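As stored in my_file_37.cif (mmCIF, C-alpha atoms):
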```cif
data_structure
loop_
_atom_site.group_PDB
_atom_site.id
_atom_site.type_symbol
_atom_site.label_atom_id
_atom_site.label_comp_id
_atom_site.auth_asym_id
_atom_site.auth_seq_id
_atom_site.Cartn_x
_atom_site.Cartn_y
_atom_site.Cartn_z
ATOM 1 C CA MET A 1 125.856 136.126 50.107
ATOM 2 C CA MET A 2 124.281 132.859 51.186
ATOM 3 C CA ILE A 3 127.638 131.098 50.788
ATOM 4 C CA LEU A 4 129.380 133.765 52.888
ATOM 5 C CA SER A 5 126.705 133.505 55.570
ATOM 6 C CA ALA A 6 126.822 129.723 55.593
ATOM 7 C CA LEU A 7 130.608 129.886 55.867
ATOM 8 C CA LEU A 8 130.321 132.189 58.885
ATOM 9 C CA VAL A 9 127.903 129.786 60.532
ATOM 10 C CA VAL A 10 130.262 126.845 60.000
ATOM 11 C CA VAL A 11 133.247 128.853 61.253
ATOM 12 C CA GLY A 12 131.255 130.002 64.273
ATOM 13 C CA TYR A 13 129.983 126.510 64.950
ATOM 14 C CA LEU A 14 133.487 125.091 64.832
ATOM 15 C CA GLY A 15 134.826 127.979 66.830
ATOM 16 C CA MET A 16 132.364 127.327 69.615
ATOM 17 C CA GLN A 17 134.271 124.105 70.291
ATOM 18 C CA PHE A 18 136.959 126.388 71.694
ATOM 19 C CA GLY A 19 134.599 128.849 73.402
ATOM 20 C CA GLY A 20 134.799 132.605 73.479
ATOM 21 C CA PRO A 21 132.468 135.497 72.731
ATOM 22 C CA VAL A 22 134.119 136.199 69.374
ATOM 23 C CA TRP A 23 133.044 132.817 68.120
ATOM 24 C CA VAL A 24 129.574 133.305 69.545
ATOM 25 C CA ALA A 25 129.335 136.476 67.493
ATOM 26 C CA ALA A 26 130.592 134.694 64.393
ATOM 27 C CA ALA A 27 128.034 131.934 64.843
ATOM 28 C CA THR A 28 125.269 134.454 65.305
ATOM 29 C CA CYS A 29 126.240 136.707 62.464
ATOM 30 C CA GLY A 30 125.892 133.835 60.024
ATOM 31 C CA VAL A 31 122.436 133.690 58.557
ATOM 32 C CA PRO A 32 120.106 135.489 60.949
ATOM 33 C CA LEU A 33 121.829 138.713 61.809
ATOM 34 C CA LEU A 34 124.096 139.415 58.880
ATOM 35 C CA LEU A 35 121.473 138.876 56.204
ATOM 36 C CA TYR A 36 118.736 140.565 58.185
ATOM 37 C CA LEU A 37 120.823 143.582 59.106
ATOM 38 C CA LEU A 38 122.113 144.049 55.563
ATOM 39 C CA HIS A 39 118.577 143.891 54.222
ATOM 40 C CA ASP A 40 117.217 146.256 56.829
ATOM 41 C CA LEU A 41 120.063 148.702 56.223
ATOM 42 C CA GLY A 42 119.253 148.625 52.536
ATOM 43 C CA VAL A 43 122.674 147.303 51.506
ATOM 44 C CA ILE A 44 120.968 144.421 49.754
ATOM 45 C CA ALA A 45 117.299 144.172 48.893
ATOM 46 C CA TRP A 46 114.807 141.355 49.323
ATOM 47 C CA ARG A 47 114.190 139.964 45.891
ATOM 48 C CA ASP A 48 110.445 140.008 46.535
ATOM 49 C CA ASP A 49 107.766 140.086 49.233
ATOM 50 C CA PHE A 50 107.733 136.319 49.558
ATOM 51 C CA GLN A 51 111.414 136.257 50.519
ATOM 52 C CA ARG A 52 110.848 138.974 53.121
ATOM 53 C CA GLU A 53 107.809 137.209 54.563
ATOM 54 C CA VAL A 54 109.709 133.914 54.842
ATOM 55 C CA ALA A 55 112.613 135.668 56.565
ATOM 56 C CA MET A 56 110.295 137.328 59.075
ATOM 57 C CA ARG A 57 108.393 134.105 59.780
ATOM 58 C CA SER A 58 111.697 132.249 60.259
ATOM 59 C CA GLY A 59 112.770 134.939 62.727
ATOM 60 C CA MET A 60 109.555 134.383 64.649
ATOM 61 C CA HIS A 61 110.166 130.627 64.768
ATOM 62 C CA ALA A 62 113.726 131.240 66.021
ATOM 63 C CA LEU A 63 112.465 133.559 68.763
ATOM 64 C CA VAL A 64 109.834 131.058 69.905
ATOM 65 C CA ALA A 65 112.433 128.250 69.980
ATOM 66 C CA VAL A 66 114.900 130.356 71.978
ATOM 67 C CA GLY A 67 112.125 131.338 74.398
ATOM 68 C CA LEU A 68 111.189 127.701 74.926
ATOM 69 C CA VAL A 69 114.794 126.644 75.504
ATOM 70 C CA CYS A 70 115.379 129.491 77.981
ATOM 71 C CA ALA A 71 112.186 128.555 79.814
ATOM 72 C CA MET A 72 113.328 124.931 79.983
ATOM 73 C CA VAL A 73 116.753 125.920 81.319
ATOM 74 C CA VAL A 74 115.190 128.097 83.997
ATOM 75 C CA ALA A 75 112.551 125.473 84.840
ATOM 76 C CA THR A 76 115.163 122.755 85.318
ATOM 77 C CA ASN A 77 117.233 125.131 87.457
ATOM 78 C CA ASN A 78 120.328 124.676 85.311
ATOM 79 C CA THR A 79 121.119 128.373 85.657
ATOM 80 C CA THR A 80 122.089 127.850 89.303
ATOM 81 C CA GLU A 81 124.531 125.153 88.237
ATOM 82 C CA LEU A 82 125.997 127.480 85.624
ATOM 83 C CA VAL A 83 126.377 130.509 87.866
ATOM 84 C CA ALA A 84 127.872 128.418 90.658
ATOM 85 C CA ARG A 85 130.857 127.437 88.528
ATOM 86 C CA GLU A 86 134.192 128.889 89.421
ATOM 87 C CA GLU A 87 135.171 129.925 85.904
ATOM 88 C CA PRO A 88 134.197 133.587 85.503
ATOM 89 C CA GLY A 89 131.694 134.269 82.771
ATOM 90 C CA TYR A 90 131.174 130.582 82.030
ATOM 91 C CA GLY A 91 127.433 130.640 82.639
ATOM 92 C CA LEU A 92 126.882 133.739 80.519
ATOM 93 C CA THR A 93 128.983 132.415 77.646
ATOM 94 C CA MET A 94 127.218 129.075 77.733
ATOM 95 C CA MET A 95 123.753 130.601 77.770
ATOM 96 C CA ALA A 96 124.660 133.036 75.012
ATOM 97 C CA ALA A 97 126.170 130.260 72.931
ATOM 98 C CA LEU A 98 123.191 127.986 73.447
ATOM 99 C CA THR A 99 120.497 130.529 72.669
ATOM 100 C CA LEU A 100 122.279 132.114 69.717
ATOM 101 C CA ARG A 101 123.166 128.822 68.113
ATOM 102 C CA ILE A 102 119.615 127.554 68.500
ATOM 103 C CA ALA A 103 118.318 130.817 67.008
ATOM 104 C CA ALA A 104 120.694 130.489 64.060
ATOM 105 C CA ILE A 105 119.830 126.840 63.444
ATOM 106 C CA ILE A 106 116.056 127.300 63.720
ATOM 107 C CA TRP A 107 116.201 130.391 61.487
ATOM 108 C CA GLY A 108 118.183 128.565 58.847
ATOM 109 C CA LEU A 109 116.055 125.415 58.918
ATOM 110 C CA SER A 110 112.807 127.343 58.860
ATOM 111 C CA TRP A 111 114.047 129.498 55.989
ATOM 112 C CA LEU A 112 115.155 126.529 53.887
ATOM 113 C CA VAL A 113 111.957 124.519 54.376
ATOM 114 C CA GLN A 114 109.622 127.492 53.858
ATOM 115 C CA TYR A 115 111.443 128.998 50.898
ATOM 116 C CA TRP A 116 112.357 125.874 48.960
ATOM 117 C CA GLY A 117 109.527 123.598 50.104
ATOM 118 C CA GLY A 118 109.853 120.409 52.152
ATOM 119 C CA GLN A 119 111.711 118.218 49.690
ATOM 120 C CA ILE A 120 114.252 120.615 48.190
ATOM 121 C CA GLY A 121 114.656 122.304 51.577
ATOM 122 C CA ALA A 122 115.441 118.924 53.150
ATOM 123 C CA ILE A 123 118.019 118.152 50.446
ATOM 124 C CA ARG A 124 119.770 121.466 51.076
ATOM 125 C CA ILE A 125 119.696 120.898 54.840
ATOM 126 C CA LEU A 126 121.232 117.459 54.315
ATOM 127 C CA TRP A 127 124.065 118.889 52.222
ATOM 128 C CA VAL A 128 124.781 121.462 54.922
ATOM 129 C CA LEU A 129 124.702 118.684 57.547
ATOM 130 C CA LEU A 130 127.119 116.619 55.511
ATOM 131 C CA GLY A 131 129.473 119.579 55.177
ATOM 132 C CA ILE A 132 129.309 120.415 58.885
ATOM 133 C CA SER A 133 129.841 116.762 59.852
ATOM 134 C CA PHE A 134 132.857 116.527 57.579
ATOM 135 C CA ILE A 135 134.417 119.753 58.897
ATOM 136 C CA GLU A 136 133.643 118.707 62.473
ATOM 137 C CA THR A 137 135.250 115.335 61.930
ATOM 138 C CA ALA A 138 138.322 116.843 60.353
ATOM 139 C CA GLY A 139 138.527 119.856 62.668
ATOM 140 C CA THR A 140 137.722 118.594 66.130
ATOM 141 C CA THR A 141 139.409 115.225 65.692
ATOM 142 C CA MET A 142 142.643 116.670 64.354
ATOM 143 C CA LEU A 143 142.854 119.788 66.481
ATOM 144 C CA ARG A 144 141.389 118.865 69.804
ATOM 145 C CA VAL A 145 141.459 115.203 70.659
ATOM 146 C CA HIS A 146 143.865 113.744 68.132
ATOM 147 C CA GLY A 147 145.589 110.600 69.264
ATOM 148 C CA THR A 148 143.356 109.940 72.251
ATOM 149 C CA GLU A 149 140.877 107.134 72.801
ATOM 150 C CA ALA A 150 138.048 109.651 72.751
ATOM 151 C CA GLY A 151 139.325 111.147 69.508
ATOM 152 C CA GLY A 152 139.408 107.767 67.825
ATOM 153 C CA MET A 153 135.917 106.997 69.008
ATOM 154 C CA LEU A 154 134.585 110.330 67.795
ATOM 155 C CA PHE A 155 136.208 109.818 64.423
ATOM 156 C CA PHE A 156 134.800 106.342 63.841
ATOM 157 C CA ALA A 157 131.377 107.224 65.240
ATOM 158 C CA ARG A 158 131.131 110.123 62.816
ATOM 159 C CA LEU A 159 132.185 107.908 59.926
ATOM 160 C CA TRP A 160 129.145 105.795 60.766
ATOM 161 C CA PHE A 161 126.877 108.800 60.121
ATOM 162 C CA TYR A 162 128.103 109.467 56.589
ATOM 163 C CA PRO A 163 126.411 106.524 54.835
ATOM 164 C CA LEU A 164 123.097 107.530 56.459
ATOM 165 C CA LEU A 165 123.452 111.137 55.331
ATOM 166 C CA ALA A 166 124.462 110.019 51.842
ATOM 167 C CA LEU A 167 121.458 107.679 51.679
ATOM 168 C CA ALA A 168 119.157 110.477 52.811
ATOM 169 C CA ILE A 169 120.551 112.864 50.176
ATOM 170 C CA VAL A 170 120.346 110.353 47.336
ATOM 171 C CA GLY A 171 117.001 108.959 48.468
ATOM 172 C CA CYS A 172 114.983 112.036 49.232
ATOM 173 C CA ARG A 173 114.920 113.351 45.657
ATOM 174 C CA ARG A 174 113.283 110.264 44.208
ATOM 175 C CA TRP A 175 112.061 108.421 47.304
ATOM 176 C CA PRO A 176 111.299 111.048 49.943
ATOM 177 C CA ARG A 177 110.213 108.480 52.519
ATOM 178 C CA VAL A 178 113.529 106.632 52.272
ATOM 179 C CA GLY A 179 115.350 109.940 52.729
ATOM 180 C CA GLY A 180 113.113 110.829 55.692
ATOM 181 C CA ALA A 181 113.696 107.430 57.306
ATOM 182 C CA ALA A 182 117.483 107.731 56.834
ATOM 183 C CA LEU A 183 117.423 111.210 58.362
ATOM 184 C CA CYS A 184 115.370 109.922 61.327
ATOM 185 C CA VAL A 185 117.863 107.101 61.962
ATOM 186 C CA TYR A 186 120.728 109.606 61.700
ATOM 187 C CA LEU A 187 119.095 111.948 64.235
ATOM 188 C CA ILE A 188 118.230 109.181 66.685
ATOM 189 C CA GLY A 189 121.755 107.789 66.347
ATOM 190 C CA LYS A 190 123.359 111.183 66.880
ATOM 191 C CA THR A 191 121.160 111.945 69.899
ATOM 192 C CA TRP A 192 122.045 108.599 71.454
ATOM 193 C CA PHE A 193 125.700 109.191 70.639
ATOM 194 C CA VAL A 194 125.728 112.597 72.308
ATOM 195 C CA ALA A 195 123.694 111.429 75.298
ATOM 196 C CA HIS A 196 125.651 108.261 76.088
ATOM 197 C CA SER A 197 128.875 107.733 74.212
ATOM 198 C CA PHE A 198 130.440 111.147 74.833
ATOM 199 C CA ALA A 199 130.139 110.682 78.587
ATOM 200 C CA ALA A 200 131.445 107.116 78.364
ATOM 201 C CA VAL A 201 134.828 108.334 77.127
ATOM 202 C CA GLY A 202 135.011 111.336 79.423
ATOM 203 C CA LEU A 203 133.846 113.953 76.911
ATOM 204 C CA MET A 204 130.870 116.229 77.418
ATOM 205 C CA GLU A 205 130.432 115.632 81.116
ATOM 206 C CA ASP A 206 128.474 118.850 81.275
ATOM 207 C CA THR A 207 124.788 117.938 81.091
ATOM 208 C CA LEU A 208 123.837 121.377 79.777
ATOM 209 C CA VAL A 209 126.240 121.034 76.863
ATOM 210 C CA GLN A 210 124.771 117.624 76.103
ATOM 211 C CA ALA A 211 121.232 118.973 76.392
ATOM 212 C CA SER A 212 122.054 121.899 74.110
ATOM 213 C CA MET A 213 123.583 119.604 71.480
ATOM 214 C CA ILE A 214 120.473 117.437 71.551
ATOM 215 C CA ALA A 215 118.239 120.523 71.438
ATOM 216 C CA MET A 216 120.064 121.643 68.293
ATOM 217 C CA THR A 217 119.677 118.228 66.674
ATOM 218 C CA LEU A 218 115.963 117.769 67.352
ATOM 219 C CA PRO A 219 114.689 120.555 65.025
ATOM 220 C CA LEU A 220 116.005 118.461 62.143
ATOM 221 C CA MET A 221 113.088 116.130 62.824
ATOM 222 C CA VAL A 222 110.899 118.688 60.994
ATOM 223 C CA PRO A 223 112.357 118.022 57.509
ATOM 224 C CA ALA A 224 112.593 114.317 58.367
ATOM 225 C CA LEU A 225 108.880 114.126 59.200
ATOM 226 C CA THR A 226 108.020 116.251 56.164
ATOM 227 C CA LEU A 227 109.796 113.771 53.923
ATOM 228 C CA LEU A 228 108.199 110.802 55.686
ATOM 229 C CA SER A 229 104.736 112.265 55.103
ATOM 230 C CA ALA A 230 105.252 112.465 51.314
ATOM 231 C CA ARG A 231 103.659 109.748 49.223
ATOM 232 C CA ARG A 232 105.661 110.499 46.082
ATOM 233 C CA ALA A 233 108.539 112.662 44.847
ATOM 234 C CA GLY A 234 107.763 116.355 44.422
ATOM 235 C CA GLU A 235 104.757 116.272 46.755
ATOM 236 C CA VAL A 236 106.305 118.268 49.592
ATOM 237 C CA MET B 1 80.404 131.053 60.154
ATOM 238 C CA ASN B 2 82.271 129.878 57.072
ATOM 239 C CA LYS B 3 85.396 131.818 56.238
ATOM 240 C CA PRO B 4 85.854 132.093 52.452
ATOM 241 C CA LYS B 5 88.948 130.326 51.178
ATOM 242 C CA LEU B 6 91.297 131.954 48.671
ATOM 243 C CA THR B 7 91.966 129.752 45.664
ATOM 244 C CA ASN B 8 93.815 130.570 42.475
ATOM 245 C CA ALA B 9 93.951 129.515 38.843
ATOM 246 C CA LEU B 10 97.501 130.673 38.275
ATOM 247 C CA ARG B 11 98.771 127.359 36.958
ATOM 248 C CA GLU B 12 95.852 126.985 34.504
ATOM 249 C CA ARG B 13 96.205 130.574 33.285
ATOM 250 C CA ARG B 14 99.943 130.138 32.887
ATOM 251 C CA LYS B 15 99.441 127.036 30.756
ATOM 252 C CA SER B 16 96.767 128.691 28.645
ATOM 253 C CA ALA B 17 98.941 131.771 28.121
ATOM 254 C CA GLY B 18 101.221 129.962 25.700
ATOM 255 C CA GLY B 19 102.533 127.442 28.204
ATOM 256 C CA LEU B 20 104.623 129.887 30.195
ATOM 257 C CA THR B 21 107.047 128.291 32.610
ATOM 258 C CA GLN B 22 107.121 129.355 36.261
ATOM 259 C CA GLN B 23 110.477 130.995 35.640
ATOM 260 C CA GLU B 24 109.185 132.981 32.657
ATOM 261 C CA LEU B 25 106.162 134.183 34.605
ATOM 262 C CA ALA B 26 108.394 135.094 37.544
ATOM 263 C CA GLU B 27 110.618 137.177 35.264
ATOM 264 C CA ARG B 28 107.620 138.935 33.744
ATOM 265 C CA ALA B 29 106.221 139.778 37.173
ATOM 266 C CA GLY B 30 109.619 140.658 38.614
ATOM 267 C CA VAL B 31 109.596 138.086 41.415
ATOM 268 C CA THR B 32 111.406 134.836 42.203
ATOM 269 C CA ARG B 33 110.291 131.462 40.893
ATOM 270 C CA GLN B 34 109.770 130.343 44.486
ATOM 271 C CA SER B 35 107.046 132.979 44.850
ATOM 272 C CA ILE B 36 105.169 131.577 41.856
ATOM 273 C CA ILE B 37 105.531 128.006 43.155
ATOM 274 C CA SER B 38 104.262 128.992 46.602
ATOM 275 C CA ILE B 39 101.292 130.910 45.177
ATOM 276 C CA GLU B 40 100.329 128.001 42.927
ATOM 277 C CA GLN B 41 100.530 125.621 45.881
ATOM 278 C CA GLY B 42 98.391 127.969 47.970
ATOM 279 C CA LYS B 43 101.136 128.434 50.561
ATOM 280 C CA TYR B 44 101.593 132.157 49.978
ATOM 281 C CA ARG B 45 98.996 134.874 49.556
ATOM 282 C CA PRO B 46 100.381 137.551 47.253
ATOM 283 C CA SER B 47 100.026 141.239 47.934
ATOM 284 C CA VAL B 48 97.567 143.306 45.886
ATOM 285 C CA GLU B 49 100.498 144.719 43.940
ATOM 286 C CA LEU B 50 101.833 141.273 43.047
ATOM 287 C CA ALA B 51 98.353 140.034 42.125
ATOM 288 C CA LEU B 52 98.011 142.961 39.703
ATOM 289 C CA LEU B 53 101.467 142.303 38.274
ATOM 290 C CA LEU B 54 100.647 138.634 37.719
ATOM 291 C CA ALA B 55 97.341 139.518 36.060
ATOM 292 C CA ARG B 56 99.127 141.972 33.784
ATOM 293 C CA ALA B 57 101.815 139.413 32.929
ATOM 294 C CA LEU B 58 99.150 136.863 31.981
ATOM 295 C CA GLY B 59 96.872 139.329 30.202
ATOM 296 C CA CYS B 60 93.856 138.776 32.417
ATOM 297 C CA THR B 61 92.165 140.324 35.440
ATOM 298 C CA VAL B 62 92.919 139.626 39.094
ATOM 299 C CA GLU B 63 89.458 138.041 39.415
ATOM 300 C CA ASP B 64 90.425 135.553 36.708
ATOM 301 C CA LEU B 65 93.373 134.463 38.795
ATOM 302 C CA PHE B 66 92.088 134.548 42.353
ATOM 303 C CA HIS B 67 88.722 133.462 43.717
ATOM 304 C CA LEU B 68 87.045 133.340 47.094
ATOM 305 C CA SER B 69 85.286 130.012 47.541
ATOM 306 C CA ASP B 70 82.609 129.621 50.212
ATOM 307 C CA ASP B 71 83.549 126.064 51.164
ATOM 308 C CA GLY B 72 86.459 127.225 53.307
ATOM 309 C CA ASP B 73 87.324 126.263 56.847
ATOM 310 C CA LYS B 74 84.952 127.164 59.626
ATOM 311 C CA ALA B 75 86.142 130.221 61.502
#
```

Once you've parsed the file, please lay out its structure as structure tokens.
Amino acid sequence: MMILSALLVVVGYLGMQFGGPVWVAAATCGVPLLLYLLHDLGVIAWRDDFQREVAMRSGMHALVAVGLVCAMVVATNNTTELVAREEPGYGLTMMAALTLRIAAIIWGLSWLVQYWGGQIGAIRILWVLLGISFIETAGTTMLRVHGTEAGGMLFFARLWFYPLLALAIVGCRRWPRVGGAALCVYLIGKTWFVAHSFAAVGLMEDTLVQASMIAMTLPLMVPALTLLSARRAGEV
Amino acid sequence: MNKPKLTNALRERRKSAGGLTQQELAERAGVTRQSIISIEQGKYRPSVELALLLARALGCTVEDLFHLSDDGDKA
């Protein structure tokens, strides 16, 4: 079930590159809704109270994160910019995509760290990140911007991230601080990449899209800081 | 006013009960290993039902497993 849910999240995440409410639904139905609905409907049962409590607490974290992001969007008046666009439904789709993807990501991260603990949770998050990065590299580069200057840049920039992710995965089992540091460098690098390099080659001119991508990257600082705070393996 | 802090001796009791592993105890109590780990680390407070199940699985009373200490955080 977890594999199916994770697959739906990846498919939805990739699909959002092309837009459309169907993909939004796919992204949303990944971990948070599908699992939760199936459990609540009694199709599958929580294995114990701890699992249920973690799921509920993760849902609360996701709600708080979505609330904060919505408040920030309203406070910075980005909604006016969205509604003013000529494309019909653009603003609604963007807001839906942003909030639902943030909810899904926060839910998943919170679940992994709470259920498996800081260290094992971080390792699992890193594997998921590696998988998503690989599929993104293969998918978006081949399908969307293949053969362009921007496509080449995206491809090589993403290649640069792989050694860092690999170092974080290998390091955080035995040397959590090394893993945490590698994850921090990866996140800072990716944020800088999204904020500056995309615009430099004519991609991601939309500031809200950039802001949402950064907002989805920042929660990963939680496992990074957890790993950095560990003095020895198995402590977190 | 000092709020009593919940501590537990689950790990010690598990070791003294024939060196049960976390997985074995989890199977006896009918929960996941992650629940046992979280209880031992003090990150999760079990329900009354689970506390009774754990006590039964280890052949002791709930009071042997869980204690309220008075040196908890100030409320």

Given 6 Å of margin on each side, can you work out the centre and size in Å (one decimal) of an axis-aligned box holding every listed atom of range 13-26 of chain B, as lines of an AutoDock Vina configuration file?
```
center_x = 103.3
center_y = 131.1
center_z = 31.6
size_x = 26.3
size_y = 20.1
size_z = 23.8
```

Could the residues of chain A within 7 Å of chain B, counting only C-alpha atoms, be given as a PDB file with C-alpha atoms, in the coordinates of the input, please?
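Saved file part16.pdb follows:
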```pdb
ATOM      1  CA  ARG A  47     114.190 139.964  45.891  1.00  0.00           C
ATOM      2  CA  ASP A  48     110.445 140.008  46.535  1.00  0.00           C
ATOM      3  CA  PHE A  50     107.733 136.319  49.558  1.00  0.00           C
ATOM      4  CA  TYR A 115     111.443 128.998  50.898  1.00  0.00           C
ATOM      5  CA  TRP A 116     112.357 125.874  48.960  1.00  0.00           C
TER       6      TRP A 116
END
```

Expressed in Å to a single decimal, how great is the separation between CA of Arg174 in chain A and CA of Trp107 in chain A? 26.7 Å

One-decimal distance in Å that lies between CA of Pro176 in chain A and CA of Met56 in chain A: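 Calculated distance between CA of Met56 in chain A and CA of Pro176 in chain A is 27.8 Å.
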
Kindly give the distance, in Å, that separates CA of Leu38 in chain A and CA of Ser58 in chain A, rounded to a single decimal. 16.4 Å

Which residue of B:Ala57, B:Glu49, B:Thr7, B:Glu63 approaches Gln22 in chain B most closely, using only C-alpha atoms: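 Looking at the shortest contact to Gln22 in chain B, the residue is B:Ala57.
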
Non-local contacts of Glu12 in chain B (12 Å; all atoms listed in the file; under 6 positions in same chain excluded) as a PyMOL selection string: chain B and resi 18-22+40+58+64-66

Range 218-227 of chain A environment, 8 Å, only C-alpha atoms, sequence neighbours closer than 6 positions dropped, as a ChimeraX atom specification: /A:106,109,113,118-119,121-122,172,176-177,179-181,183-184,187,236

Once the PyMOL selection byres ((chain B and resi 59) around 12) has been evaluated on this model, what residues remain selected, and can you format them as a compact mmCIF listing (two decimals) with C-alpha atoms, keeping the file's coordinate frame?
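The result, stored in expr_26.txt:
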```txt
# COMPACT_ATOMS: atom_id res chain seq x y z
CA LEU B 10 97.50 130.67 38.28
CA ARG B 13 96.20 130.57 33.28
CA ARG B 14 99.94 130.14 32.89
CA SER B 16 96.77 128.69 28.64
CA ALA B 17 98.94 131.77 28.12
CA GLY B 18 101.22 129.96 25.70
CA LEU B 25 106.16 134.18 34.60
CA ARG B 28 107.62 138.94 33.74
CA ALA B 29 106.22 139.78 37.17
CA LEU B 52 98.01 142.96 39.70
CA LEU B 53 101.47 142.30 38.27
CA LEU B 54 100.65 138.63 37.72
CA ALA B 55 97.34 139.52 36.06
CA ARG B 56 99.13 141.97 33.78
CA ALA B 57 101.82 139.41 32.93
CA LEU B 58 99.15 136.86 31.98
CA CYS B 60 93.86 138.78 32.42
CA THR B 61 92.16 140.32 35.44
CA VAL B 62 92.92 139.63 39.09
CA GLU B 63 89.46 138.04 39.42
CA ASP B 64 90.42 135.55 36.71
CA LEU B 65 93.37 134.46 38.80
```
